[in-house]
file run-v3.tsv (TSV, C-alpha atoms and all ligand atoms)
chain	number	residue	atom	x	y	z
A	6	MET	CA	86.07	110.54	129.47
A	7	LYS	CA	86.35	107.57	127.09
A	8	ALA	CA	89.68	105.87	126.41
A	9	ILE	CA	90.81	102.96	124.24
A	10	ALA	CA	92.67	100.64	126.58
A	11	VAL	CA	94.09	97.17	127.00
A	12	LYS	CA	94.79	94.93	129.97
A	13	PRO	CA	98.54	94.37	129.66
A	14	GLY	CA	99.43	90.70	129.73
A	15	GLN	CA	95.98	89.65	128.50
A	16	PRO	CA	95.91	89.02	124.72
A	17	ASN	CA	93.23	90.81	122.70
A	18	SER	CA	91.90	92.79	125.65
A	19	VAL	CA	91.26	96.03	123.75
A	20	HIS	CA	88.20	97.78	125.20
A	21	LEU	CA	86.69	101.14	126.01
A	22	ALA	CA	87.71	102.35	129.48
A	23	GLU	CA	86.59	105.33	131.52
A	24	LEU	CA	89.10	107.94	132.75
A	25	ASP	CA	88.68	111.17	134.72
A	26	LYS	CA	89.25	114.29	132.64
A	27	PRO	CA	92.76	115.52	133.49
A	28	LYS	CA	93.23	118.97	135.02
A	29	LEU	CA	95.78	121.69	134.28
A	30	ASP	CA	97.08	121.57	137.83
A	31	ASP	CA	97.88	117.86	137.55
A	32	VAL	CA	101.18	119.48	136.47
A	33	PRO	CA	102.78	121.63	139.19
A	34	ASN	CA	103.95	125.28	139.02
A	35	GLY	CA	101.68	126.46	136.19
A	36	HIS	CA	103.51	124.42	133.52
A	37	GLY	CA	100.51	122.28	132.53
A	38	VAL	CA	98.99	122.25	129.04
A	39	LEU	CA	95.49	120.85	128.43
A	40	VAL	CA	95.08	119.44	124.93
A	41	LYS	CA	91.91	118.42	123.16
A	42	VAL	CA	92.75	115.24	121.26
A	43	LEU	CA	91.84	115.49	117.55
A	44	LYS	CA	93.53	112.49	115.95
A	45	VAL	CA	95.73	109.66	117.19
A	46	GLY	CA	97.79	107.35	114.99
A	47	VAL	CA	98.41	103.71	115.86
A	48	ASP	CA	101.14	101.35	114.70
A	49	ALA	CA	102.59	97.86	115.21
A	50	THR	CA	103.47	98.78	118.79
A	51	ASP	CA	99.76	99.12	119.65
A	52	ARG	CA	99.01	95.82	117.94
A	53	GLU	CA	101.79	94.05	119.84
A	54	ILE	CA	100.64	95.53	123.16
A	55	ASN	CA	97.14	94.20	122.41
A	56	ASP	CA	98.78	90.83	121.62
A	57	ALA	CA	100.28	91.08	125.16
A	58	GLU	CA	103.87	90.96	123.85
A	59	TYR	CA	104.78	93.94	126.06
A	60	GLY	CA	103.19	97.02	127.62
A	61	GLU	CA	102.56	97.84	131.28
A	62	ALA	CA	99.69	99.59	133.06
A	63	PRO	CA	100.42	102.70	135.14
A	64	PRO	CA	100.74	102.04	138.89
A	65	GLY	CA	97.28	101.81	140.48
A	66	TYR	CA	95.51	100.80	137.23
A	67	ASP	CA	94.73	97.43	135.71
A	68	PHE	CA	94.51	98.91	132.21
A	69	LEU	CA	96.71	100.96	129.91
A	70	THR	CA	95.29	103.63	127.60
A	71	LEU	CA	96.84	103.07	124.17
A	72	GLY	CA	98.07	105.63	121.62
A	73	HIS	CA	101.38	107.48	121.36
A	74	GLU	CA	100.96	109.46	118.12
A	75	LEU	CA	99.06	112.58	119.12
A	76	PHE	CA	97.62	115.42	117.08
A	77	GLY	CA	95.62	117.86	119.18
A	78	ILE	CA	94.79	121.48	119.86
A	79	VAL	CA	95.74	123.41	122.99
A	80	GLU	CA	92.63	124.27	125.00
A	81	GLU	CA	94.10	125.72	128.21
A	82	VAL	CA	97.56	126.60	129.51
A	83	GLY	CA	98.99	127.09	133.01
A	84	SER	CA	100.14	130.55	134.14
A	85	ASN	CA	103.84	129.86	133.46
A	86	VAL	CA	103.51	128.23	130.04
A	87	ARG	CA	105.52	130.04	127.31
A	88	LYS	CA	106.11	127.38	124.64
A	89	VAL	CA	102.56	127.00	123.29
A	90	LYS	CA	99.31	128.96	123.44
A	91	VAL	CA	95.59	128.25	123.26
A	92	GLY	CA	94.61	127.31	119.71
A	93	ASP	CA	98.03	125.90	118.72
A	94	TYR	CA	98.16	122.49	117.06
A	95	VAL	CA	100.49	120.24	119.01
A	96	THR	CA	101.88	116.79	119.35
A	97	CYS	CA	103.60	115.48	122.44
A	98	THR	CA	106.73	113.38	122.94
A	99	VAL	CA	106.28	109.77	124.07
A	100	ARG	CA	108.94	108.99	126.66
A	101	ARG	CA	109.11	110.67	130.08
A	102	PRO	CA	112.27	111.04	132.13
A	103	GLY	CA	113.47	108.33	134.51
A	104	LYS	CA	116.42	108.76	136.84
A	105	THR	CA	119.59	108.54	134.74
A	106	ILE	CA	121.80	111.42	133.63
A	107	PHE	CA	120.29	111.24	130.12
A	108	ASP	CA	116.79	111.62	131.57
A	109	GLN	CA	117.88	114.70	133.49
A	110	ILE	CA	119.19	116.55	130.42
A	111	GLY	CA	116.19	116.13	128.09
A	112	ARG	CA	117.55	112.97	126.46
A	113	SER	CA	115.32	110.31	127.96
A	114	ASP	CA	115.35	108.65	124.51
A	115	PHE	CA	118.88	107.57	125.56
A	116	THR	CA	117.98	106.47	129.06
A	117	SER	CA	120.44	103.92	130.43
A	118	ASP	CA	117.82	102.49	132.78
A	119	GLU	CA	116.13	99.24	131.77
A	120	THR	CA	112.77	100.63	132.94
A	121	TYR	CA	111.35	103.30	130.69
A	122	TYR	CA	108.21	105.38	130.88
A	123	GLU	CA	106.33	105.87	127.61
A	124	ARG	CA	102.84	107.30	127.19
A	125	GLY	CA	100.56	104.63	125.72
A	126	ILE	CA	103.24	101.94	125.90
A	127	CYS	CA	104.86	101.47	129.27
A	128	LEU	CA	103.67	102.62	132.72
A	129	LEU	CA	101.88	105.80	131.51
A	130	HIS	CA	98.47	106.24	129.89
A	131	GLY	CA	98.49	107.21	126.21
A	132	TYR	CA	96.60	109.61	124.01
A	133	LEU	CA	93.63	107.56	122.74
A	134	THR	CA	91.19	109.51	124.86
A	135	GLU	CA	89.40	112.87	124.75
A	136	HIS	CA	91.73	115.25	126.61
A	137	ILE	CA	95.28	114.99	127.87
A	138	VAL	CA	97.42	117.13	130.14
A	139	ASP	CA	101.18	117.23	130.10
A	140	THR	CA	104.10	119.51	130.92
A	141	GLU	CA	104.94	122.19	128.37
A	142	GLU	CA	108.46	120.83	127.98
A	143	PHE	CA	107.03	117.74	126.21
A	144	MET	CA	104.70	119.69	123.92
A	145	VAL	CA	105.75	120.20	120.32
A	146	LYS	CA	104.02	122.82	118.21
A	147	VAL	CA	102.83	121.57	114.82
A	148	PRO	CA	102.74	124.49	112.34
A	149	ASP	CA	99.36	125.10	110.67
A	150	ALA	CA	101.10	124.58	107.31
A	151	ILE	CA	101.39	120.82	107.98
A	152	LYS	CA	98.07	120.34	109.73
A	153	ASN	CA	97.18	117.97	106.85
A	154	LEU	CA	99.91	115.60	108.10
A	155	SER	CA	98.22	115.36	111.53
A	156	VAL	CA	99.65	112.30	113.35
A	157	LEU	CA	102.86	111.93	111.31
A	158	PRO	CA	105.24	114.07	113.44
A	159	GLU	CA	105.67	111.24	115.99
A	160	PRO	CA	106.71	108.50	113.53
A	161	MET	CA	108.76	111.16	111.71
A	162	SER	CA	110.58	111.95	114.96
A	163	CYS	CA	111.78	108.32	115.11
A	164	ALA	CA	112.95	108.47	111.47
A	165	ALA	CA	114.68	111.81	112.16
A	166	LYS	CA	116.50	110.35	115.15
A	167	ALA	CA	117.69	107.36	113.09
A	168	VAL	CA	119.02	109.71	110.40
A	169	GLU	CA	120.63	111.97	113.01
A	170	GLN	CA	122.42	108.89	114.41
A	171	VAL	CA	123.87	108.18	110.97
A	172	TYR	CA	125.56	111.56	110.74
A	173	GLU	CA	126.54	111.71	114.44
A	174	VAL	CA	128.31	108.33	114.29
A	175	GLN	CA	129.97	109.07	110.97
A	176	ARG	CA	131.73	112.14	112.34
A	177	ARG	CA	134.27	109.47	113.37
A	178	LEU	CA	135.46	109.50	109.74
A	179	ARG	CA	136.24	113.26	109.50
A	180	VAL	CA	135.41	113.08	105.77
A	181	TRP	CA	132.37	111.21	104.53
A	182	GLU	CA	130.30	111.72	101.42
A	183	PRO	CA	127.58	109.09	101.34
A	184	ARG	CA	125.99	108.48	97.95
A	185	VAL	CA	123.79	105.39	98.15
A	186	ALA	CA	121.31	104.52	100.92
A	187	TYR	CA	119.17	101.42	101.29
A	188	ILE	CA	116.07	101.59	103.39
A	189	THR	CA	114.58	98.21	104.18
A	190	GLY	CA	110.85	98.29	104.85
A	191	SER	CA	108.20	100.55	103.38
A	192	GLY	CA	106.09	101.10	106.48
A	193	GLN	CA	105.82	104.56	107.97
A	194	ILE	CA	109.41	104.65	109.30
A	195	GLY	CA	110.84	103.37	106.01
A	196	LEU	CA	108.91	105.92	103.96
A	197	LEU	CA	109.66	108.85	106.26
A	198	ALA	CA	113.36	107.92	106.39
A	199	THR	CA	113.25	107.84	102.58
A	200	LEU	CA	112.01	111.44	102.66
A	201	CYS	CA	114.74	112.52	105.12
A	202	LEU	CA	117.55	111.05	103.02
A	203	ARG	CA	116.14	112.29	99.69
A	204	LEU	CA	116.04	115.81	101.18
A	205	ARG	CA	119.76	115.32	101.88
A	206	GLY	CA	120.36	114.49	98.21
A	207	LEU	CA	121.11	110.78	98.50
A	208	GLU	CA	120.34	108.09	95.96
A	209	VAL	CA	117.80	106.11	97.96
A	210	TYR	CA	116.56	102.56	97.35
A	211	THR	CA	113.57	101.59	99.47
A	212	ILE	CA	113.30	97.83	99.58
A	213	ALA	CA	110.19	95.84	100.49
A	214	ARG	CA	108.36	92.59	99.76
A	215	GLY	CA	105.33	93.97	97.88
A	216	ALA	CA	105.28	93.89	94.07
A	217	ARG	CA	105.66	97.27	92.30
A	218	GLU	CA	102.36	97.08	90.39
A	219	GLY	CA	99.49	99.03	91.95
A	220	ASN	CA	101.46	99.60	95.16
A	221	LEU	CA	100.80	102.86	97.02
A	222	LYS	CA	104.00	102.48	99.06
A	223	ALA	CA	105.99	102.33	95.82
A	224	ASP	CA	104.14	105.41	94.51
A	225	ILE	CA	105.15	107.32	97.63
A	226	VAL	CA	108.78	106.18	97.37
A	227	GLU	CA	108.89	107.31	93.73
A	228	GLY	CA	107.07	110.53	94.65
A	229	TYR	CA	110.09	111.30	96.84
A	230	GLY	CA	112.41	110.65	93.90
A	231	ALA	CA	113.70	107.39	95.35
A	232	THR	CA	113.66	103.91	93.78
A	233	TYR	CA	111.25	101.24	94.99
A	234	VAL	CA	112.74	97.76	94.95
A	235	SER	CA	110.47	94.74	95.32
A	236	THR	CA	112.32	91.71	96.66
A	237	GLN	CA	109.93	89.62	94.53
A	238	GLU	CA	111.81	90.96	91.52
A	239	THR	CA	115.30	91.85	92.77
A	240	ASP	CA	117.11	90.41	95.77
A	241	LEU	CA	119.59	92.30	97.89
A	242	ASP	CA	122.66	90.81	96.19
A	243	GLN	CA	121.37	91.66	92.70
A	244	LEU	CA	120.59	95.20	93.83
A	245	MET	CA	124.07	95.58	95.30
A	246	ASN	CA	125.57	94.50	91.98
A	247	GLN	CA	123.59	97.25	90.25
A	248	THR	CA	124.09	100.12	92.71
A	249	GLY	CA	127.37	99.33	94.42
A	250	LYS	CA	127.41	98.69	98.17
A	251	PRO	CA	125.32	101.19	100.15
A	252	ASP	CA	126.99	103.73	102.44
A	253	ILE	CA	123.92	103.75	104.68
A	254	VAL	CA	121.35	101.10	105.53
A	255	ILE	CA	118.33	102.00	107.63
A	256	GLU	CA	116.52	98.84	108.64
A	257	ALA	CA	112.80	99.20	109.36
A	258	THR	CA	111.12	95.94	108.32
A	259	GLY	CA	110.31	94.47	111.72
A	260	SER	CA	112.27	91.34	110.70
A	261	SER	CA	115.53	90.46	112.47
A	262	ALA	CA	116.41	88.08	109.61
A	263	ILE	CA	116.54	91.04	107.22
A	264	ALA	CA	118.44	93.13	109.76
A	265	PHE	CA	121.17	90.46	109.77
A	266	LYS	CA	121.02	89.90	106.00
A	267	CYS	CA	121.73	93.63	105.47
A	268	MET	CA	124.99	93.20	107.38
A	269	GLU	CA	126.29	91.42	104.29
A	270	VAL	CA	125.86	94.32	101.88
A	271	LEU	CA	127.12	97.46	103.66
A	272	SER	CA	130.11	99.29	102.17
A	273	HIS	CA	133.48	99.88	103.84
A	274	ASN	CA	133.14	102.72	106.40
A	275	GLY	CA	129.39	102.33	106.06
A	276	ILE	CA	126.76	102.64	108.76
A	277	MET	CA	123.63	100.67	109.46
A	278	VAL	CA	120.83	101.71	111.80
A	279	TRP	CA	118.42	99.15	113.25
A	280	THR	CA	114.99	100.53	114.16
A	281	SER	CA	112.77	97.41	114.20
A	282	ILE	CA	111.28	96.28	117.48
A	283	THR	CA	111.23	92.50	117.13
A	284	GLY	CA	109.13	90.76	119.76
A	285	GLY	CA	109.01	86.97	120.02
A	286	ASP	CA	111.93	84.54	119.92
A	287	LYS	CA	112.82	83.87	116.30
A	288	ASN	CA	116.28	82.42	115.68
A	289	ILE	CA	118.17	82.27	112.40
A	290	GLU	CA	121.55	81.05	111.27
A	291	VAL	CA	123.94	83.70	109.94
A	292	PRO	CA	127.38	83.47	108.24
A	293	SER	CA	128.98	84.86	111.37
A	294	ASN	CA	132.65	84.45	110.45
A	295	LYS	CA	132.15	86.18	107.10
A	296	ILE	CA	130.22	89.06	108.64
A	297	ASN	CA	132.64	89.46	111.51
A	298	LEU	CA	135.60	89.54	109.12
A	299	GLU	CA	134.02	92.03	106.71
A	300	TRP	CA	132.88	94.33	109.50
A	301	VAL	CA	136.31	94.44	111.08
A	302	LEU	CA	138.21	94.88	107.80
A	303	GLY	CA	135.68	97.48	106.65
A	304	ASN	CA	135.44	99.59	109.82
A	305	LYS	CA	131.66	99.30	109.64
A	306	ALA	CA	129.26	100.66	112.27
A	307	LEU	CA	125.93	99.40	113.56
A	308	VAL	CA	123.72	101.46	115.83
A	309	GLY	CA	120.30	100.79	117.32
A	310	SER	CA	117.86	103.69	117.49
A	311	VAL	CA	114.64	103.96	119.47
A	312	ASN	CA	112.27	106.74	120.47
A	313	ALA	CA	112.94	110.45	120.01
A	314	ASN	CA	113.27	113.55	122.18
A	315	PHE	CA	111.68	116.93	121.43
A	316	ARG	CA	114.69	117.97	119.30
A	317	HIS	CA	114.02	115.04	116.96
A	318	PHE	CA	110.37	116.06	116.78
A	319	GLU	CA	111.52	119.52	115.71
A	320	MET	CA	113.97	118.09	113.16
A	321	GLY	CA	111.27	115.79	111.82
A	322	ILE	CA	108.74	118.61	111.56
A	323	ASN	CA	111.30	120.69	109.64
A	324	ASP	CA	111.73	117.84	107.17
A	325	LEU	CA	107.96	117.37	106.87
A	326	ILE	CA	107.61	121.07	106.01
A	327	LYS	CA	110.46	120.91	103.50
A	328	GLY	CA	108.93	117.72	102.06
A	329	GLU	CA	105.67	119.57	101.39
A	330	VAL	CA	107.58	122.10	99.30
A	331	VAL	CA	109.95	119.78	97.46
A	332	PHE	CA	107.58	116.81	97.00
A	333	PRO	CA	104.12	118.41	97.36
A	334	GLY	CA	101.20	116.15	98.21
A	335	VAL	CA	103.27	112.99	98.65
A	336	THR	CA	103.53	112.60	102.42
A	337	GLU	CA	99.79	112.85	103.14
A	338	LYS	CA	99.26	109.73	101.03
A	339	ILE	CA	100.67	107.83	104.01
A	340	LEU	CA	97.48	108.58	105.98
A	341	THR	CA	95.48	105.73	104.47
A	342	HIS	CA	93.08	104.31	107.07
A	343	PRO	CA	90.95	106.63	109.24
A	344	VAL	CA	88.72	105.22	111.96
A	345	SER	CA	85.83	107.35	113.11
A	346	GLY	CA	85.69	107.87	116.89
A	347	LEU	CA	87.00	106.07	119.98
A	348	ASP	CA	83.99	103.73	119.98
A	349	ASN	CA	85.37	101.93	116.93
A	350	TYR	CA	88.38	100.49	118.76
A	351	GLN	CA	87.83	97.00	117.31
A	352	GLU	CA	87.85	98.40	113.77
A	353	MET	CA	91.10	100.18	114.67
A	354	MET	CA	92.72	96.88	115.71
A	355	ASP	CA	91.34	95.08	112.63
A	356	LYS	CA	92.74	97.75	110.31
A	357	LEU	CA	96.16	97.32	111.93
A	358	LEU	CA	96.13	93.76	110.56
A	359	ASP	CA	95.33	94.92	107.02
A	360	SER	CA	98.56	94.75	105.03
A	361	SER	CA	97.42	97.57	102.73
A	362	ALA	CA	97.03	99.92	105.74
A	363	LEU	CA	99.98	102.25	105.76
A	364	LYS	CA	98.73	104.45	108.56
A	365	VAL	CA	95.72	103.72	110.73
A	366	PHE	CA	94.53	106.68	112.80
A	367	VAL	CA	91.49	107.48	114.89
A	368	ASP	CA	89.53	110.66	114.23
A	369	VAL	CA	88.75	111.35	117.88
A	370	ALA	CA	87.07	114.76	117.61
A	371	ASP	CA	86.57	117.76	115.36
A	372	GLU	CA	88.23	121.03	116.32
A	401	LIG	C1	107.30	104.46	119.43
A	401	LIG	C2	108.53	104.97	120.15
A	401	LIG	C3	108.86	104.03	121.30
A	401	LIG	C4	109.02	102.62	120.77
A	401	LIG	C5	109.38	101.62	121.88
A	401	LIG	C6	107.51	103.03	119.00
A	401	LIG	O1	106.34	102.57	118.38
A	401	LIG	O2	106.99	105.23	118.30
A	401	LIG	O3	108.31	106.28	120.63
A	401	LIG	O4	110.04	104.45	121.94
A	401	LIG	O5	107.83	102.22	120.12
A	401	LIG	O6	108.39	101.48	122.83
A	402	ZN	ZN	105.28	104.14	117.31
call {"tool": "encode", "arguments": {"input": "run-v3.tsv", "output": "structure tokens"}}
result
Amino acid sequence: MKAIAVKPGQPNSVHLAELDKPKLDDVPNGHGVLVKVLKVGVDATDREINDAEYGEAPPGYDFLTLGHELFGIVEEVGSNVRKVKVGDYVTCTVRRPGKTIFDQIGRSDFTSDETYYERGICLLHGYLTEHIVDTEEFMVKVPDAIKNLSVLPEPMSCAAKAVEQVYEVQRRLRVWEPRVAYITGSGQIGLLATLCLRLRGLEVYTIARGAREGNLKADIVEGYGATYVSTQETDLDQLMNQTGKPDIVIEATGSSAIAFKCMEVLSHNGIMVWTSITGGDKNIEVPSNKINLEWVLGNKALVGSVNANFRHFEMGINDLIKGEVVFPGVTEKILTHPVSGLDNYQEMMDKLLDSSALKVFVDVADE
């Protein structure tokens, strides 16, 4: 079986590897599910693993199969599987349990261990191959009605978790009626978070570098009834003067400088969620006294959010379905750059560098 893999630690090592086809009984007690891989999405994480910024091979291997955004169809199920059946479209969560209490209760996205196990990212092979097997507990059914959105449930699960964190943390206030949200970044997480917050009725401003003119990302933002703000035309301070300070900021640019800059605009009692994974060692200077003072006097909250458990996949899928009804045809515009077949792994990596590529995904097989 072919697989797109890298040699962790070796920059630009993407290649085609050979794996044995997995078997149902690789999972004990009849809980295995065999999935035929149809499509797999890739994102900045895959690019950074190929740049050798992070990523680890599974024990006993010198390569790591990439891919953590699965869309597949169930081909075979073990005798005790109840959650999915043959012919169902599925995706699969990314992180697998470690040893902490959070891992034991289905919340490995909150593991308190420094070592984490993620398919296609860290210590476990990913989905960019022909078949995969996993335990039914990690399978998430994708309703036929959103089959057109294929690989988006995984990135949506991360957006859904970030939004869930907003409301969980703000229960501290007893009463809270957010009105204005800023989302920084118009990549997949920024756009999908825009959808989540628009479905909750907020006035959403999605802020990014690209000019408005002829910009698909801006079209999608506006398709969701949000406002696209190009920082080439309006900076954060000008926007704040127009809209008032935001109650929520969801940061998804990939830039720590912007993450810190946003700390200067949040409202009193506001909440900011950081979702960017910033490799490298960039340093910037920040007005630390001013920020410290305003955050204390304003009871502001900052929370980091990574990964997602199966509940977030379900929440995200619910919002994707609702999005199809309320904003029909908008979300699928995110799926911009298909790559045909596992053999074209170099094209996949090249497309990840293309700034107009909103979502690169590999068409692995037909049904
Ligand atoms: C994935 C998450 C993962 C994170 C950190 C993201 O690209 O979508 O599932 O937890 O990278 O590895
Ligand atoms: Zn990802």
call {"tool": "closest_atom_pairs", "arguments": {"input": "run-v3.tsv", "of": "chain A", "to": "ligand ZN 402 (chain A)", "cutoff": "6 Å", "atoms": "only C-alpha atoms and all ligand atoms", "output": "Markdown table"}}
result
| residue | atom | partner | partner_atom | distance |
| --- | --- | --- | --- | --- |
| A:Asp48 | CA | A:ZN402 | ZN | 5.6 |
| A:Thr50 | CA | A:ZN402 | ZN | 5.8 |
| A:Pro160 | CA | A:ZN402 | ZN | 5.9 |
call {"tool": "closest_atom_pairs", "arguments": {"input": "run-v3.tsv", "of": "chain A", "to": "ligand LIG 401 (chain A)", "cutoff": "8 Å", "atoms": "all atoms listed in the file", "output": "tab-separated table"}}
result
residue	atom	partner	partner_atom	distance
A:Asp48	CA	A:LIG401	O1	6.5
A:Ala49	CA	A:LIG401	O1	6.8
A:Thr50	CA	A:LIG401	O1	4.8
A:Asp51	CA	A:LIG401	O1	7.5
A:His73	CA	A:LIG401	O2	6.8
A:Glu74	CA	A:LIG401	O2	7.4
A:Thr98	CA	A:LIG401	O3	7.6
A:Val99	CA	A:LIG401	O3	5.3
A:Arg100	CA	A:LIG401	O4	6.6
A:Asp114	CA	A:LIG401	O4	7.2
A:Glu123	CA	A:LIG401	O6	6.8
A:Ile126	CA	A:LIG401	O6	6.0
A:Cys127	CA	A:LIG401	O6	7.3
A:Glu159	CA	A:LIG401	O2	6.6
A:Pro160	CA	A:LIG401	O2	5.8
A:Cys163	CA	A:LIG401	O2	6.5
A:Ile282	CA	A:LIG401	C5	7.2
A:Val311	CA	A:LIG401	O4	5.2
A:Asn312	CA	A:LIG401	O4	3.5
A:Ala313	CA	A:LIG401	O3	6.3
call {"tool": "write_last_selection", "arguments": {"input": "run-v3.tsv", "atoms": "C-alpha atoms", "output": "PDB file, in the coordinates of the input"}}
result
ATOM      1  CA  ASP A  48     101.140 101.350 114.700  1.00  0.00           C
ATOM      2  CA  ALA A  49     102.590  97.860 115.210  1.00  0.00           C
ATOM      3  CA  THR A  50     103.470  98.780 118.790  1.00  0.00           C
ATOM      4  CA  ASP A  51      99.760  99.120 119.650  1.00  0.00           C
ATOM      5  CA  HIS A  73     101.380 107.480 121.360  1.00  0.00           C
ATOM      6  CA  GLU A  74     100.960 109.460 118.120  1.00  0.00           C
ATOM      7  CA  THR A  98     106.730 113.380 122.940  1.00  0.00           C
ATOM      8  CA  VAL A  99     106.280 109.770 124.070  1.00  0.00           C
ATOM      9  CA  ARG A 100     108.940 108.990 126.660  1.00  0.00           C
ATOM     10  CA  ASP A 114     115.350 108.650 124.510  1.00  0.00           C
ATOM     11  CA  GLU A 123     106.330 105.870 127.610  1.00  0.00           C
ATOM     12  CA  ILE A 126     103.240 101.940 125.900  1.00  0.00           C
ATOM     13  CA  CYS A 127     104.860 101.470 129.270  1.00  0.00           C
ATOM     14  CA  GLU A 159     105.670 111.240 115.990  1.00  0.00           C
ATOM     15  CA  PRO A 160     106.710 108.500 113.530  1.00  0.00           C
ATOM     16  CA  CYS A 163     111.780 108.320 115.110  1.00  0.00           C
ATOM     17  CA  ILE A 282     111.280  96.280 117.480  1.00  0.00           C
ATOM     18  CA  VAL A 311     114.640 103.960 119.470  1.00  0.00           C
ATOM     19  CA  ASN A 312     112.270 106.740 120.470  1.00  0.00           C
ATOM     20  CA  ALA A 313     112.940 110.450 120.010  1.00  0.00           C
TER      21      ALA A 313
END
call {"tool": "residues_around", "arguments": {"input": "run-v3.tsv", "residues": "Pro27 in chain A", "least_positions_apart": "6", "cutoff": "7 Å", "atoms": "only C-alpha atoms", "output": "list of chain:residue names"}}
result
A:His136, A:Ile137, A:Val138
call {"tool": "write_last_selection", "arguments": {"input": "run-v3.tsv", "atoms": "C-alpha atoms", "output": "tab-separated table (two decimals), in the frame of the given file"}}
result
chain	number	residue	atom	x	y	z
A	136	HIS	CA	91.73	115.25	126.61
A	137	ILE	CA	95.28	114.99	127.87
A	138	VAL	CA	97.42	117.13	130.14
call {"tool": "closest_residue", "arguments": {"input": "run-v3.tsv", "among": "A:Gly215, A:Gly284, A:Gly259, A:Gly77", "to": "Ile54 in chain A", "atoms": "all atoms listed in the file"}}
result
A:Gly284
call {"tool": "closest_residue", "arguments": {"input": "run-v3.tsv", "among": "A:Gly230, A:Gly131, A:Gly309, A:Pro33", "to": "Val254 in chain A", "atoms": "all atoms listed in the file"}}
result
A:Gly309
call {"tool": "closest_residue", "arguments": {"input": "run-v3.tsv", "among": "A:Asp252, A:Glu238, A:Glu218, A:Asp139", "to": "Tyr172 in chain A", "atoms": "only C-alpha atoms"}}
result
A:Asp252
call {"tool": "closest_residue", "arguments": {"input": "run-v3.tsv", "among": "A:Asn17, A:Asp286, A:Asp118, A:Tyr210", "to": "Thr236 in chain A", "atoms": "all atoms listed in the file"}}
result
A:Tyr210
call {"tool": "residues_around", "arguments": {"input": "run-v3.tsv", "residues": "Ser18 in chain A", "least_positions_apart": "5", "cutoff": "12 Å", "atoms": "only C-alpha atoms", "output": "ChimeraX atom specification"}}
result
/A:9-13,51-57,67-71,350-351,354
call {"tool": "write_last_selection", "arguments": {"input": "run-v3.tsv", "atoms": "C-alpha atoms", "output": "PDB file, in the coordinates of the input"}}
result
ATOM      1  CA  ILE A   9      90.810 102.960 124.240  1.00  0.00           C
ATOM      2  CA  ALA A  10      92.670 100.640 126.580  1.00  0.00           C
ATOM      3  CA  VAL A  11      94.090  97.170 127.000  1.00  0.00           C
ATOM      4  CA  LYS A  12      94.790  94.930 129.970  1.00  0.00           C
ATOM      5  CA  PRO A  13      98.540  94.370 129.660  1.00  0.00           C
ATOM      6  CA  ASP A  51      99.760  99.120 119.650  1.00  0.00           C
ATOM      7  CA  ARG A  52      99.010  95.820 117.940  1.00  0.00           C
ATOM      8  CA  GLU A  53     101.790  94.050 119.840  1.00  0.00           C
ATOM      9  CA  ILE A  54     100.640  95.530 123.160  1.00  0.00           C
ATOM     10  CA  ASN A  55      97.140  94.200 122.410  1.00  0.00           C
ATOM     11  CA  ASP A  56      98.780  90.830 121.620  1.00  0.00           C
ATOM     12  CA  ALA A  57     100.280  91.080 125.160  1.00  0.00           C
ATOM     13  CA  ASP A  67      94.730  97.430 135.710  1.00  0.00           C
ATOM     14  CA  PHE A  68      94.510  98.910 132.210  1.00  0.00           C
ATOM     15  CA  LEU A  69      96.710 100.960 129.910  1.00  0.00           C
ATOM     16  CA  THR A  70      95.290 103.630 127.600  1.00  0.00           C
ATOM     17  CA  LEU A  71      96.840 103.070 124.170  1.00  0.00           C
ATOM     18  CA  TYR A 350      88.380 100.490 118.760  1.00  0.00           C
ATOM     19  CA  GLN A 351      87.830  97.000 117.310  1.00  0.00           C
ATOM     20  CA  MET A 354      92.720  96.880 115.710  1.00  0.00           C
TER      21      MET A 354
END
call {"tool": "atom_distance", "arguments": {"input": "run-v3.tsv", "atom1": "CA of Tyr121 in chain A", "atom2": "CA of Gly37 in chain A"}}
result
21.9 Å
